[in-house]
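Below is one structure, written out as structure tokens; comments come after it.
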Amino acid sequence: MKKTLLLISLFTAALVMSGCYESSKLQDTDLMHHRFVLINANGQDISLDEQAELIFGEKMTITGKMCNQFSGQVILDKSHIKGTGVAMTKMLCNDIQLNQLDHVIQQLITDGAKINLTNNQLTLKNNKNELIYQLKDLM
């Protein structure tokens with residue numbers, strides 16, 4: 001019995017350390033103090049030069065940038081994330097795609113989105129949009 005429990009514990013630890021999180025087991029601490037850079041929006045690759053990003057801070061505050069900078073507060077509930085509102089600057093950018101993504105990220109946060117973190121890739125998704133971010137560094 002002890003050997004079985006030890007094997008299960010080792011297997012679980014290996015999964016966590018490899019970066020494989022099941023979305024149903026995602027916790028605030030898996031996101032907080034991490035910076036993610038947008039790499040794909042609705043099937044289109046995003047240039048890393050753009051530096052569209054999402055940062056999770058203490059107590060699940062988020063800040064980030066598409067065309068404009070934004071900030072808000074979110075709540076993680078199992079495999080969904082939702083915010084009470086997003087404050088965003090209102091500049092017009094030369095990049096049409098990033099202008100459109102301002103509206104997408106705002107909608108995903110305020111209306112709620114399914115969230116998944118697997119192999120250091122964070123996915124936010126609803127019925128219309130899917131944003132995929134790559135973990136860049138710890139804060």
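Chain labels A, B, ... are given in the sequence in which chains occur in the structure tokens; within each chain residues are numbered consecutively from 1, and ligands are likewise numbered from 1 in the order shown.
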At a cut-off of 7 Å, can you tabulate as a Markdown table every residue of region 54-83 of chain A near region 92-105 of chain A together with its closest atom pair and the distance in Å to one decimal, using only C-alpha atoms and ordering rows by chain then number?
```
| residue | atom | partner | partner_atom | distance |
| --- | --- | --- | --- | --- |
| A:Met66 | CA | A:Leu98 | CA | 5.5 |
| A:Cys67 | CA | A:Leu98 | CA | 4.9 |
| A:Asn68 | CA | A:Asp102 | CA | 6.7 |
```
What would the file look like if the residues just selected were written as a compact mmCIF listing (two decimals), in the first residue's frame with N, CA and C atoms?
```
# COMPACT_ATOMS: atom_id res chain seq x y z
N MET A 66 -2.30 44.66 -25.77
CA MET A 66 -2.54 44.24 -27.16
C MET A 66 -2.06 45.44 -27.96
N CYS A 67 -3.00 46.24 -28.46
CA CYS A 67 -2.65 47.56 -28.99
C CYS A 67 -2.54 48.51 -27.81
N ASN A 68 -3.53 48.46 -26.94
CA ASN A 68 -3.60 49.29 -25.75
C ASN A 68 -3.23 48.48 -24.51
```
Taking the DSSP assignment computed from this structure's backbone, write out as an mmCIF file with C-alpha atoms, in the first residue's frame all residues of region 41-123 of chain A that belong to alpha helix (DSSP H).
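See out.cif below for the written result:
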```cif
data_model
loop_
_atom_site.group_PDB
_atom_site.id
_atom_site.type_symbol
_atom_site.label_atom_id
_atom_site.label_comp_id
_atom_site.auth_asym_id
_atom_site.auth_seq_id
_atom_site.Cartn_x
_atom_site.Cartn_y
_atom_site.Cartn_z
ATOM 1 C CA ILE A 96 -5.277 46.509 -37.373
ATOM 2 C CA GLN A 97 -4.955 43.015 -35.867
ATOM 3 C CA LEU A 98 -3.876 44.371 -32.475
ATOM 4 C CA ASN A 99 -6.701 46.942 -32.559
ATOM 5 C CA GLN A 100 -9.186 44.092 -33.008
ATOM 6 C CA LEU A 101 -7.506 42.033 -30.296
ATOM 7 C CA ASP A 102 -8.157 44.836 -27.779
ATOM 8 C CA HIS A 103 -11.863 44.044 -28.085
ATOM 9 C CA VAL A 104 -11.244 40.293 -27.996
ATOM 10 C CA ILE A 105 -9.240 40.312 -24.750
ATOM 11 C CA GLN A 106 -11.709 42.687 -23.123
ATOM 12 C CA GLN A 107 -14.600 40.386 -24.044
ATOM 13 C CA LEU A 108 -12.777 37.237 -22.918
ATOM 14 C CA ILE A 109 -12.101 38.773 -19.518
ATOM 15 C CA THR A 110 -15.431 40.480 -18.847
ATOM 16 C CA ASP A 111 -17.720 37.795 -20.319
#
```
From the options A:Leu26, A:Ile75, A:Ser47, A:Phe36, which residue's atoms come nearest to Asn120 (chain A), counting only C-alpha atoms? A:Phe36
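Shell of Val74 (chain A) at 7 Å, with only C-alpha atoms counted and residues fewer than 6 places along the chain excluded, is Met60, Thr61, Ile81, Lys82, Gly83 and Thr84 of chain A.
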Using only N, CA and C atoms, please write the residues we just selected to a file, as a tab-separated table (two decimals), in the first residue's frame.
```tsv
chain	number	residue	atom	x	y	z
A	60	MET	N	-4.62	37.71	-8.29
A	60	MET	CA	-5.21	37.56	-9.63
A	60	MET	C	-5.54	38.88	-10.31
A	61	THR	N	-4.71	39.89	-10.07
A	61	THR	CA	-4.81	41.09	-10.89
A	61	THR	C	-4.13	40.77	-12.21
A	81	ILE	N	-12.18	31.61	-16.32
A	81	ILE	CA	-11.66	32.84	-15.75
A	81	ILE	C	-12.62	33.96	-16.14
A	82	LYS	N	-12.85	34.87	-15.19
A	82	LYS	CA	-13.77	35.98	-15.47
A	82	LYS	C	-13.38	37.17	-14.62
A	83	GLY	N	-13.50	38.35	-15.20
A	83	GLY	CA	-13.19	39.58	-14.50
A	83	GLY	C	-14.40	40.46	-14.33
A	84	THR	N	-14.32	41.37	-13.37
A	84	THR	CA	-15.43	42.27	-13.12
A	84	THR	C	-15.38	43.48	-14.04
```
Residue with smallest distance to His80 (chain A) - pool A:Ile115, A:Ile39, A:Leu135, A:Met32, counting only C-alpha atoms: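 Checking each candidate against His80 (chain A), we get A:Ile115 as the closest.
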Mind giving me the straight-line distance from CA of Gln51 (chain A) to CA of Lys90 (chain A) in Å, one decimal?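 CA of Gln51 (chain A) sits 17.8 Å away from CA of Lys90 (chain A).
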Excluding Arg35 (chain A) and residues on its chain fewer than 6 positions from it, collect all residues at most 9 Å away from it, counting only C-alpha atoms, and give them as a list in words. Glu53, Leu54, Ile55, Phe56, Gly57, Gly64, Gln134, Leu135, Lys136, Asp137, Leu138 and Met139 of chain A
All residues 9 Å or closer to Ser71 (chain A), only C-alpha atoms, same chain fewer than 6 positions away omitted, as an mmCIF file with N, CA and C atoms, in the first residue's frame:
```cif
data_model
loop_
_atom_site.group_PDB
_atom_site.id
_atom_site.type_symbol
_atom_site.label_atom_id
_atom_site.label_comp_id
_atom_site.auth_asym_id
_atom_site.auth_seq_id
_atom_site.Cartn_x
_atom_site.Cartn_y
_atom_site.Cartn_z
ATOM 1 N N THR A 61 -4.709 39.887 -10.065
ATOM 2 C CA THR A 61 -4.813 41.088 -10.888
ATOM 3 C C THR A 61 -4.133 40.765 -12.211
ATOM 4 N N ILE A 62 -4.652 41.332 -13.273
ATOM 5 C CA ILE A 62 -4.026 41.111 -14.571
ATOM 6 C C ILE A 62 -3.693 42.456 -15.191
ATOM 7 N N THR A 63 -2.611 42.478 -15.891
ATOM 8 C CA THR A 63 -2.241 43.618 -16.710
ATOM 9 C C THR A 63 -1.778 43.042 -18.037
ATOM 10 N N GLY A 64 -1.786 43.865 -19.035
ATOM 11 C CA GLY A 64 -1.345 43.364 -20.317
ATOM 12 C C GLY A 64 -1.399 44.421 -21.388
ATOM 13 N N LYS A 65 -1.131 43.947 -22.599
ATOM 14 C CA LYS A 65 -1.090 44.849 -23.740
ATOM 15 C C LYS A 65 -1.456 44.070 -24.994
ATOM 16 N N GLY A 85 -14.309 43.695 -14.689
ATOM 17 C CA GLY A 85 -14.170 44.819 -15.595
ATOM 18 C C GLY A 85 -12.726 44.986 -16.002
ATOM 19 N N VAL A 86 -12.539 45.675 -17.090
ATOM 20 C CA VAL A 86 -11.198 45.891 -17.600
ATOM 21 C C VAL A 86 -11.032 47.382 -17.886
ATOM 22 N N ALA A 87 -9.998 47.969 -17.316
ATOM 23 C CA ALA A 87 -9.648 49.358 -17.647
ATOM 24 C C ALA A 87 -8.641 49.299 -18.779
ATOM 25 N N MET A 88 -8.872 50.103 -19.824
ATOM 26 C CA MET A 88 -8.006 50.035 -20.996
ATOM 27 C C MET A 88 -7.778 51.424 -21.566
#
```
Which value, in Å to one decimal, gives the distance between CA of Ser79 (chain A) and CA of Lys114 (chain A)? 5.7 Å
Per DSSP on the backbone, what are the strand (DSSP E or B) residues of region 11-119 of chain A, as a PyMOL selection string? chain A and resi 20+34-41+44-45+53-56+61-65+69-77+80-88+113-118
Contacts of Glu58 (chain A) at 10 Å (only C-alpha atoms; same-chain gap of 4+ positions) as a list in words: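 Counting only C-alpha atoms, the residues come to Asp28, Thr29, Leu31, Met32, His33, Ile62 and Gln73 of chain A.
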Would you mind exporting the chosen residues as a JSON list (two decimals), in the first residue's frame, restricted to N, CA, C and O atoms?
```json
[["chain", "number", "residue", "atom", "x", "y", "z"],
["A", 28, "ASP", "N", -4.99, 29.50, -8.83],
["A", 28, "ASP", "CA", -4.46, 30.86, -8.90],
["A", 28, "ASP", "C", -2.94, 30.86, -8.91],
["A", 28, "ASP", "O", -2.32, 31.60, -9.67],
["A", 29, "THR", "N", -2.34, 30.05, -8.07],
["A", 29, "THR", "CA", -0.88, 30.05, -7.94],
["A", 29, "THR", "C", -0.18, 29.56, -9.20],
["A", 29, "THR", "O", 1.00, 29.84, -9.39],
["A", 31, "LEU", "N", -0.91, 30.65, -12.08],
["A", 31, "LEU", "CA", -0.92, 31.81, -12.97],
["A", 31, "LEU", "C", -0.21, 33.02, -12.38],
["A", 31, "LEU", "O", 0.47, 33.76, -13.11],
["A", 32, "MET", "N", -0.40, 33.24, -11.08],
["A", 32, "MET", "CA", 0.14, 34.45, -10.46],
["A", 32, "MET", "C", 1.66, 34.53, -10.60],
["A", 32, "MET", "O", 2.35, 33.52, -10.51],
["A", 33, "HIS", "N", 2.12, 35.76, -10.86],
["A", 33, "HIS", "CA", 3.54, 36.07, -11.01],
["A", 33, "HIS", "C", 4.15, 35.44, -12.26],
["A", 33, "HIS", "O", 5.33, 35.12, -12.28],
["A", 62, "ILE", "N", -4.65, 41.33, -13.27],
["A", 62, "ILE", "CA", -4.03, 41.11, -14.57],
["A", 62, "ILE", "C", -3.69, 42.46, -15.19],
["A", 62, "ILE", "O", -4.40, 43.44, -15.01],
["A", 73, "GLN", "N", -9.15, 42.72, -12.64],
["A", 73, "GLN", "CA", -9.13, 41.72, -11.57],
["A", 73, "GLN", "C", -9.93, 40.53, -12.08],
["A", 73, "GLN", "O", -11.04, 40.70, -12.58]]
```
